[in-house]
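Structure data (CSV, C-alpha atoms) from protein_35.csv:
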```csv
chain,number,residue,atom,x,y,z
A,15,MET,CA,122.3,143.9,114.6
A,16,PRO,CA,122.2,144.4,110.8
A,17,LEU,CA,119.4,142.6,109.0
A,18,LYS,CA,121.9,140.8,106.7
A,19,VAL,CA,123.7,139.3,109.7
A,20,ILE,CA,120.5,138.1,111.3
A,21,ILE,CA,119.5,136.3,108.0
A,22,ILE,CA,122.9,134.6,107.8
A,23,LEU,CA,122.6,133.5,111.4
A,24,LEU,CA,119.1,132.1,110.9
A,25,LEU,CA,120.3,130.1,107.9
A,26,PHE,CA,123.1,128.5,109.9
A,27,THR,CA,120.9,127.7,112.9
A,28,THR,CA,117.9,126.3,111.0
A,29,GLN,CA,119.8,124.2,108.4
A,30,PRO,CA,120.7,121.4,110.9
A,31,CYS,CA,117.0,121.1,111.8
A,32,TYR,CA,116.1,120.4,108.1
A,33,SER,CA,118.9,117.9,107.9
A,34,VAL,CA,117.6,116.0,111.0
A,35,ALA,CA,114.1,116.1,109.7
A,36,ALA,CA,115.1,114.6,106.3
A,37,SER,CA,117.2,112.0,108.1
A,38,ARG,CA,114.3,110.9,110.2
A,39,GLU,CA,112.0,110.8,107.2
A,40,SER,CA,114.4,108.5,105.3
A,41,ALA,CA,114.9,106.3,108.4
A,42,GLU,CA,111.1,105.8,108.9
A,43,LEU,CA,109.8,102.4,107.6
A,44,MET,CA,107.3,102.7,104.8
A,45,VAL,CA,105.2,100.1,102.9
A,46,VAL,CA,104.0,100.6,99.3
A,47,ALA,CA,101.7,98.2,97.5
A,48,ASN,CA,99.5,97.9,94.5
A,49,THR,CA,95.9,96.7,94.9
A,50,ASN,CA,95.4,93.0,94.1
A,51,SER,CA,92.1,91.4,94.9
A,52,LEU,CA,93.8,88.1,95.7
A,53,LEU,CA,96.7,89.3,97.7
A,54,GLN,CA,96.4,92.8,99.2
A,55,TYR,CA,93.6,95.4,99.1
A,56,GLN,CA,91.5,97.7,101.2
A,57,ASP,CA,88.0,97.0,102.3
A,58,ASP,CA,86.2,100.0,103.9
A,59,GLY,CA,89.6,101.4,104.8
A,60,VAL,CA,90.9,98.2,106.3
A,61,ASN,CA,93.9,96.5,104.8
A,62,LYS,CA,93.2,92.9,104.0
A,63,GLY,CA,94.5,89.8,102.1
A,64,PRO,CA,97.1,87.1,102.8
A,65,SER,CA,100.1,89.3,101.8
A,66,ILE,CA,98.9,91.9,104.3
A,67,GLU,CA,98.7,89.2,107.0
A,68,ILE,CA,102.2,88.0,106.2
A,69,LEU,CA,103.5,91.5,106.3
A,70,ASN,CA,101.8,92.1,109.7
A,71,GLY,CA,103.4,88.9,111.0
A,72,ILE,CA,106.9,90.0,110.0
A,73,LEU,CA,106.4,93.5,111.5
A,74,THR,CA,105.1,92.0,114.7
A,75,GLU,CA,108.1,89.7,114.9
A,76,ALA,CA,110.5,92.6,114.2
A,77,GLN,CA,108.6,94.9,116.7
A,78,LEU,CA,108.3,97.5,114.0
A,79,GLN,CA,105.4,99.5,112.7
A,80,ALA,CA,104.5,100.9,109.2
A,81,ASP,CA,101.5,102.1,107.4
A,82,VAL,CA,100.7,100.6,104.0
A,83,SER,CA,100.2,103.1,101.1
A,84,PHE,CA,98.2,101.7,98.1
A,85,MET,CA,99.1,103.2,94.7
A,86,PRO,CA,99.6,102.3,91.0
A,87,TRP,CA,102.3,99.7,90.6
A,88,ALA,CA,104.8,101.9,88.6
A,89,ARG,CA,104.8,104.5,91.4
A,90,ALA,CA,105.1,101.9,94.2
A,91,PHE,CA,108.1,100.3,92.4
A,92,SER,CA,109.8,103.6,91.8
A,93,ILE,CA,109.5,104.6,95.4
A,94,ALA,CA,110.8,101.2,96.6
A,95,GLN,CA,113.8,101.4,94.3
A,96,ASN,CA,114.8,104.8,95.4
A,97,ARG,CA,113.7,105.4,99.0
A,98,PRO,CA,115.6,103.7,101.9
A,99,ASN,CA,113.7,101.6,104.4
A,100,THR,CA,110.8,100.9,102.0
A,101,LEU,CA,108.9,97.6,101.8
A,102,ILE,CA,107.0,96.7,98.7
A,103,LEU,CA,104.4,94.0,98.2
A,104,SER,CA,103.8,91.8,96.5
A,105,MET,CA,106.6,91.7,93.8
A,106,ILE,CA,107.6,88.9,91.4
A,107,ARG,CA,111.2,88.0,91.9
A,108,THR,CA,113.1,88.4,88.6
A,109,ALA,CA,116.8,88.4,87.6
A,110,GLU,CA,116.5,92.1,86.6
A,111,ARG,CA,115.2,93.0,90.1
A,112,GLU,CA,117.4,90.6,92.1
A,113,SER,CA,120.1,93.0,93.1
A,114,SER,CA,117.8,96.0,93.8
A,115,PHE,CA,116.0,94.5,96.8
A,116,TYR,CA,116.3,92.3,99.9
A,117,TRP,CA,113.8,89.5,99.3
A,118,LEU,CA,112.3,89.0,102.7
A,119,LEU,CA,109.7,86.3,102.2
A,120,LYS,CA,107.6,84.6,99.6
A,121,VAL,CA,103.9,85.6,99.8
A,122,SER,CA,102.3,84.0,96.7
A,123,HIS,CA,102.4,81.6,93.8
A,124,ILE,CA,101.4,83.5,90.7
A,125,VAL,CA,100.6,82.3,87.1
A,126,ARG,CA,101.1,84.3,83.9
A,127,VAL,CA,99.1,83.3,80.9
A,128,PHE,CA,97.4,84.9,77.9
A,129,ILE,CA,93.7,85.1,78.7
A,130,SER,CA,90.9,85.8,76.2
A,131,LEU,CA,87.1,85.8,76.4
A,132,LYS,CA,85.4,82.5,75.8
A,133,SER,CA,82.8,84.4,73.7
A,134,LYS,CA,85.6,85.5,71.3
A,135,PRO,CA,87.3,82.3,70.2
A,136,GLU,CA,89.2,84.2,67.5
A,137,ASN,CA,91.3,85.8,70.2
A,138,TYR,CA,92.5,82.6,71.9
A,139,VAL,CA,96.2,82.0,71.5
A,140,ASP,CA,98.6,79.2,72.5
A,141,SER,CA,101.9,80.8,71.6
A,142,ILE,CA,103.8,84.0,71.9
A,143,GLU,CA,103.9,84.5,68.2
A,144,GLN,CA,100.1,84.3,68.0
A,145,ALA,CA,99.8,86.7,70.9
A,146,LYS,CA,101.9,89.3,69.0
A,147,GLN,CA,99.0,89.6,66.5
A,148,LYS,CA,96.6,90.7,69.3
A,149,ILE,CA,96.1,93.7,71.5
A,150,ILE,CA,97.1,92.9,75.1
A,151,ALA,CA,96.4,95.0,78.3
A,152,VAL,CA,99.3,95.0,80.8
A,153,ILE,CA,100.1,97.0,83.9
A,154,LEU,CA,102.9,99.6,83.5
A,155,ASP,CA,106.3,98.5,84.7
A,156,SER,CA,104.9,95.2,86.0
A,157,ALA,CA,106.9,92.0,85.7
A,158,ALA,CA,104.4,91.0,83.0
A,159,HIS,CA,105.1,94.2,81.1
A,160,LYS,CA,108.8,93.6,81.3
A,161,GLU,CA,108.5,89.9,80.2
A,162,LEU,CA,106.4,90.9,77.1
A,163,THR,CA,108.8,93.8,76.2
A,164,ILE,CA,111.8,91.4,76.4
A,165,ALA,CA,109.9,88.9,74.2
A,166,GLY,CA,109.4,91.6,71.5
A,167,PHE,CA,106.0,93.2,72.3
A,168,SER,CA,105.7,97.0,72.3
A,169,GLU,CA,103.2,99.7,72.9
A,170,GLN,CA,103.5,100.7,69.2
A,171,GLU,CA,102.4,97.2,68.0
A,172,ASN,CA,100.4,95.2,70.5
A,173,LEU,CA,100.5,96.4,74.1
A,174,TYR,CA,97.8,98.5,75.8
A,175,ILE,CA,99.4,100.0,79.0
A,176,VAL,CA,97.2,100.5,82.1
A,177,SER,CA,97.8,101.3,85.8
A,178,SER,CA,95.7,98.7,87.6
A,179,ASP,CA,94.3,95.2,87.5
A,180,GLU,CA,90.8,96.4,87.6
A,181,GLN,CA,91.3,98.6,84.5
A,182,MET,CA,93.0,95.7,82.7
A,183,VAL,CA,90.1,93.3,83.4
A,184,LYS,CA,87.5,95.9,82.4
A,185,LEU,CA,89.1,96.3,79.1
A,186,LEU,CA,89.1,92.6,78.5
A,187,ALA,CA,85.5,92.1,79.6
A,188,THR,CA,84.2,94.9,77.4
A,189,GLY,CA,86.2,93.7,74.3
A,190,ARG,CA,88.4,96.8,74.1
A,191,VAL,CA,91.5,94.5,74.1
A,192,ASP,CA,91.9,90.9,72.9
A,193,LEU,CA,94.0,89.5,75.7
A,194,VAL,CA,95.4,90.1,79.2
A,195,TYR,CA,98.6,88.6,80.5
A,196,THR,CA,98.1,87.7,84.1
A,197,ASP,CA,96.8,85.2,86.6
A,198,PRO,CA,93.4,83.6,85.7
A,199,ASN,CA,92.3,83.7,89.3
A,200,ASN,CA,93.0,87.4,89.4
A,201,VAL,CA,90.8,88.0,86.4
A,202,THR,CA,87.9,85.9,87.8
A,203,SER,CA,88.2,87.8,91.1
A,204,TYR,CA,88.0,91.2,89.4
A,205,LEU,CA,85.1,90.1,87.2
A,206,LYS,CA,83.1,89.5,90.3
A,207,LYS,CA,84.2,92.8,91.8
A,208,ILE,CA,83.0,94.8,88.7
A,209,ASN,CA,79.7,92.8,88.7
A,210,MET,CA,80.5,90.8,85.6
A,211,PRO,CA,80.8,87.2,87.0
A,212,HIS,CA,79.0,85.8,84.0
A,213,VAL,CA,81.9,86.7,81.7
A,214,GLU,CA,83.8,83.5,80.9
A,215,ILE,CA,87.5,83.4,80.1
A,216,ARG,CA,89.8,81.0,78.2
A,217,TYR,CA,93.5,80.3,78.3
A,218,LYS,CA,96.1,77.6,77.5
A,219,GLU,CA,96.7,74.9,80.0
A,220,ILE,CA,99.0,76.2,82.7
A,221,SER,CA,102.6,74.7,82.7
A,222,VAL,CA,105.7,75.2,84.9
A,223,GLN,CA,106.9,77.9,82.6
A,224,ASN,CA,103.8,80.0,83.5
A,225,GLN,CA,104.4,80.0,87.3
A,226,ARG,CA,106.0,82.8,89.3
A,227,ASN,CA,106.6,83.6,93.0
A,228,GLY,CA,105.6,86.9,94.6
A,229,TYR,CA,107.7,88.3,97.5
A,230,ILE,CA,107.8,91.1,100.0
A,231,GLY,CA,110.8,93.2,99.0
A,232,LEU,CA,112.9,95.7,101.0
A,233,SER,CA,114.9,98.6,99.3
A,234,ILE,CA,118.5,97.6,98.9
A,235,ASN,CA,119.7,101.0,100.4
A,236,SER,CA,117.9,100.5,103.7
A,237,ASP,CA,119.6,100.9,107.1
A,238,LYS,CA,121.5,97.8,108.1
A,239,GLU,CA,119.8,97.6,111.5
A,240,ILE,CA,116.3,97.6,109.9
A,241,VAL,CA,117.5,95.1,107.3
A,242,GLU,CA,118.7,92.7,110.0
A,243,GLN,CA,115.5,93.1,112.1
A,244,LEU,CA,113.3,92.4,109.1
A,245,GLN,CA,115.3,89.5,107.8
A,246,GLN,CA,115.4,87.7,111.2
A,247,ALA,CA,111.7,88.4,111.7
A,248,ALA,CA,110.8,87.0,108.3
A,249,LYS,CA,112.9,83.9,109.0
A,250,ARG,CA,111.1,83.3,112.3
A,251,PHE,CA,107.7,83.9,110.8
A,252,SER,CA,108.4,81.6,107.9
A,253,LYS,CA,108.5,78.7,110.4
A,254,THR,CA,105.0,79.3,111.8
A,255,THR,CA,101.9,77.4,110.8
A,256,GLU,CA,100.2,80.8,110.3
A,257,TYR,CA,102.6,81.5,107.4
A,258,THR,CA,102.1,78.1,105.8
A,259,SER,CA,98.3,78.6,105.9
A,260,LEU,CA,98.5,82.1,104.5
A,261,LEU,CA,100.8,81.0,101.7
A,262,LEU,CA,98.2,78.4,100.6
A,263,GLN,CA,95.4,81.0,100.3
```
So, in terms of structure tokens, how does the structure I just supplied come out?
Amino acid sequence: MPLKVIIILLLFTTQPCYSVAASRESAELMVVANTNSLLQYQDDGVNKGPSIEILNGILTEAQLQADVSFMPWARAFSIAQNRPNTLILSMIRTAERESSFYWLLKVSHIVRVFISLKSKPENYVDSIEQAKQKIIAVILDSAAHKELTIAGFSEQENLYIVSSDEQMVKLLATGRVDLVYTDPNNVTSYLKKINMPHVEIRYKEISVQNQRNGYIGLSINSDKEIVEQLQQAAKRFSKTTEYTSLLLQ
């Protein structure tokens, strides 16, 4: 048989295998997450945190399995937006994101305020206009980043873009930025983690306008069967005392 004919036959016979493999990969459930010392993180290779426990509760109810891949927020968000059957945690629910995900279950109450060092009273702010005169560290493509951009902040003027909470807190603690825009509990947790618990922070009194809710999201282009399994599982788990307890942590 001529070589050309053999090559053509191989192409036709192997192509379906590649298609099946790609189909299986897209159907496989995946979880992406950014590290957050209050909600989800790894400790000696073990996934921990209340958001992880809530995720595990939902997966158990749904009789599904999935590994959690920790990565910078911008990458996690991009994957969850574009890859079918992808869960992401934890994500603040916003109008901009509403139609891009199925919102399975709330996992946290989050606060967003401008935080400065107590040792630098000149950096304390109590309004957005004052904050615009400062340099603020914020995580790339996070809800906080989007909020500030919509409010008129920019990388050219007053935003210092980073990839993680730990990097953001380090910049604040060392005085390389004036402010961070995040949850005070998150900052305190990371200060302990980087062995700087003595560093004191300051922020305006928290109001209703500063409060947000974090969720486990599922990519909108996911398989209908998986969507139904996870939605029903989340509904059942939400009625348990375990969920109530985890949500309060």
(request) With a distance cut-off of 12 Å and all atoms listed in the file, select the neighbouring residues of Ala151 in chain A, excluding the residue or stretch itself and same-chain residues fewer than 5 positions from it, and output the selection as a VMD selection string. (result) chain A and resid 128 to 130 145 156 158 to 159 162 167 to 169 172 to 187 189 to 196
How would the residues just chosen look if you wrote them out with C-alpha atoms as an mmCIF file, in the frame of the given file?
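again-v2.cif written:
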```
data_model
loop_
_atom_site.group_PDB
_atom_site.id
_atom_site.type_symbol
_atom_site.label_atom_id
_atom_site.label_comp_id
_atom_site.auth_asym_id
_atom_site.auth_seq_id
_atom_site.Cartn_x
_atom_site.Cartn_y
_atom_site.Cartn_z
ATOM 1 C CA PHE A 128 97.400 84.900 77.900
ATOM 2 C CA ILE A 129 93.700 85.100 78.700
ATOM 3 C CA SER A 130 90.900 85.800 76.200
ATOM 4 C CA ALA A 145 99.800 86.700 70.900
ATOM 5 C CA SER A 156 104.900 95.200 86.000
ATOM 6 C CA ALA A 158 104.400 91.000 83.000
ATOM 7 C CA HIS A 159 105.100 94.200 81.100
ATOM 8 C CA LEU A 162 106.400 90.900 77.100
ATOM 9 C CA PHE A 167 106.000 93.200 72.300
ATOM 10 C CA SER A 168 105.700 97.000 72.300
ATOM 11 C CA GLU A 169 103.200 99.700 72.900
ATOM 12 C CA ASN A 172 100.400 95.200 70.500
ATOM 13 C CA LEU A 173 100.500 96.400 74.100
ATOM 14 C CA TYR A 174 97.800 98.500 75.800
ATOM 15 C CA ILE A 175 99.400 100.000 79.000
ATOM 16 C CA VAL A 176 97.200 100.500 82.100
ATOM 17 C CA SER A 177 97.800 101.300 85.800
ATOM 18 C CA SER A 178 95.700 98.700 87.600
ATOM 19 C CA ASP A 179 94.300 95.200 87.500
ATOM 20 C CA GLU A 180 90.800 96.400 87.600
ATOM 21 C CA GLN A 181 91.300 98.600 84.500
ATOM 22 C CA MET A 182 93.000 95.700 82.700
ATOM 23 C CA VAL A 183 90.100 93.300 83.400
ATOM 24 C CA LYS A 184 87.500 95.900 82.400
ATOM 25 C CA LEU A 185 89.100 96.300 79.100
ATOM 26 C CA LEU A 186 89.100 92.600 78.500
ATOM 27 C CA ALA A 187 85.500 92.100 79.600
ATOM 28 C CA GLY A 189 86.200 93.700 74.300
ATOM 29 C CA ARG A 190 88.400 96.800 74.100
ATOM 30 C CA VAL A 191 91.500 94.500 74.100
ATOM 31 C CA ASP A 192 91.900 90.900 72.900
ATOM 32 C CA LEU A 193 94.000 89.500 75.700
ATOM 33 C CA VAL A 194 95.400 90.100 79.200
ATOM 34 C CA TYR A 195 98.600 88.600 80.500
ATOM 35 C CA THR A 196 98.100 87.700 84.100
#
```
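Put simply, CA of Glu239 in chain A is 23.2 Å away from CA of Glu67 in chain A.
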(request) Could you please determine the separation between CA of Lys249 in chain A and CA of Arg89 in chain A in Å, to one decimal place? (result) 28.3 Å
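Residue nearest Gly71 in chain A, chosen from A:Thr202, A:Gly59, A:Tyr257, A:Leu262 and counting all atoms listed in the file: A:Tyr257.
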Tell me, as a CSV table (one decimal) with C-alpha atoms, keeping the file's coordinate frame, which residues lie within 10 Å of Ile234 in chain A, counting only C-alpha atoms; anything in the same chain fewer than 5 positions away does not count.
```csv
chain,number,residue,atom,x,y,z
A,94,ALA,CA,110.8,101.2,96.6
A,95,GLN,CA,113.8,101.4,94.3
A,96,ASN,CA,114.8,104.8,95.4
A,97,ARG,CA,113.7,105.4,99.0
A,98,PRO,CA,115.6,103.7,101.9
A,99,ASN,CA,113.7,101.6,104.4
A,100,THR,CA,110.8,100.9,102.0
A,112,GLU,CA,117.4,90.6,92.1
A,113,SER,CA,120.1,93.0,93.1
A,114,SER,CA,117.8,96.0,93.8
A,115,PHE,CA,116.0,94.5,96.8
A,116,TYR,CA,116.3,92.3,99.9
A,117,TRP,CA,113.8,89.5,99.3
A,241,VAL,CA,117.5,95.1,107.3
```
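Take CA of Thr188 in chain A and CA of Met210 in chain A: the distance between them is 9.9 Å.
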(message) Ranking A:Ile240, A:Ile72, A:Ile106, A:Leu53 by minimum distance to Asn199 in chain A and counting all atoms listed in the file, which one comes first?
(response) A:Leu53
(message) Using all atoms listed in the file, list the residues that have an atom at most 10 Å from (108.7, 84.9, 107.7), coordinates as in the file, as number ranges by chain.
(response) A: 68-69, 71-73, 75, 118-121, 230, 244-254, 256-258
Keeping only C-alpha atoms, take the residues you just selected and write them out as a short mmCIF file (atom, residue, chain, number, x, y, z; two decimals), keeping the file's coordinate frame.
```
data_model
loop_
_atom_site.label_atom_id
_atom_site.label_comp_id
_atom_site.auth_asym_id
_atom_site.auth_seq_id
_atom_site.Cartn_x
_atom_site.Cartn_y
_atom_site.Cartn_z
CA ILE A 68 102.20 88.00 106.20
CA LEU A 69 103.50 91.50 106.30
CA GLY A 71 103.40 88.90 111.00
CA ILE A 72 106.90 90.00 110.00
CA LEU A 73 106.40 93.50 111.50
CA GLU A 75 108.10 89.70 114.90
CA LEU A 118 112.30 89.00 102.70
CA LEU A 119 109.70 86.30 102.20
CA LYS A 120 107.60 84.60 99.60
CA VAL A 121 103.90 85.60 99.80
CA ILE A 230 107.80 91.10 100.00
CA LEU A 244 113.30 92.40 109.10
CA GLN A 245 115.30 89.50 107.80
CA GLN A 246 115.40 87.70 111.20
CA ALA A 247 111.70 88.40 111.70
CA ALA A 248 110.80 87.00 108.30
CA LYS A 249 112.90 83.90 109.00
CA ARG A 250 111.10 83.30 112.30
CA PHE A 251 107.70 83.90 110.80
CA SER A 252 108.40 81.60 107.90
CA LYS A 253 108.50 78.70 110.40
CA THR A 254 105.00 79.30 111.80
CA GLU A 256 100.20 80.80 110.30
CA TYR A 257 102.60 81.50 107.40
CA THR A 258 102.10 78.10 105.80
#
```
(message) Here is a test: counting only C-alpha atoms, which residue of A:Met85, A:Ile102, A:Ile124, A:Ile215 is nearest to Tyr138 in chain A?
(response)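 For Tyr138 in chain A, the nearest of the candidates is A:Ile215.
Shortest atom-to-atom contact with Val127 in chain A among A:Asn235, A:Gln243, A:Asn200, A:Thr108: A:Asn200, counting only C-alpha atoms.
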(message) Taking only C-alpha atoms into account, name the residue in A:Gly228, A:Ser122, A:Glu171, A:Tyr217 that is nearest to Val201 in chain A.
(response) A:Tyr217
(request) Check the smallest atom-to-atom distance from each of A:Asp58, A:Asn209, A:Glu214, A:Leu101 to Lys134 in chain A using only C-alpha atoms, then report the winner. (result)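 Of the candidates, the smallest distance to Lys134 in chain A is held by A:Glu214.
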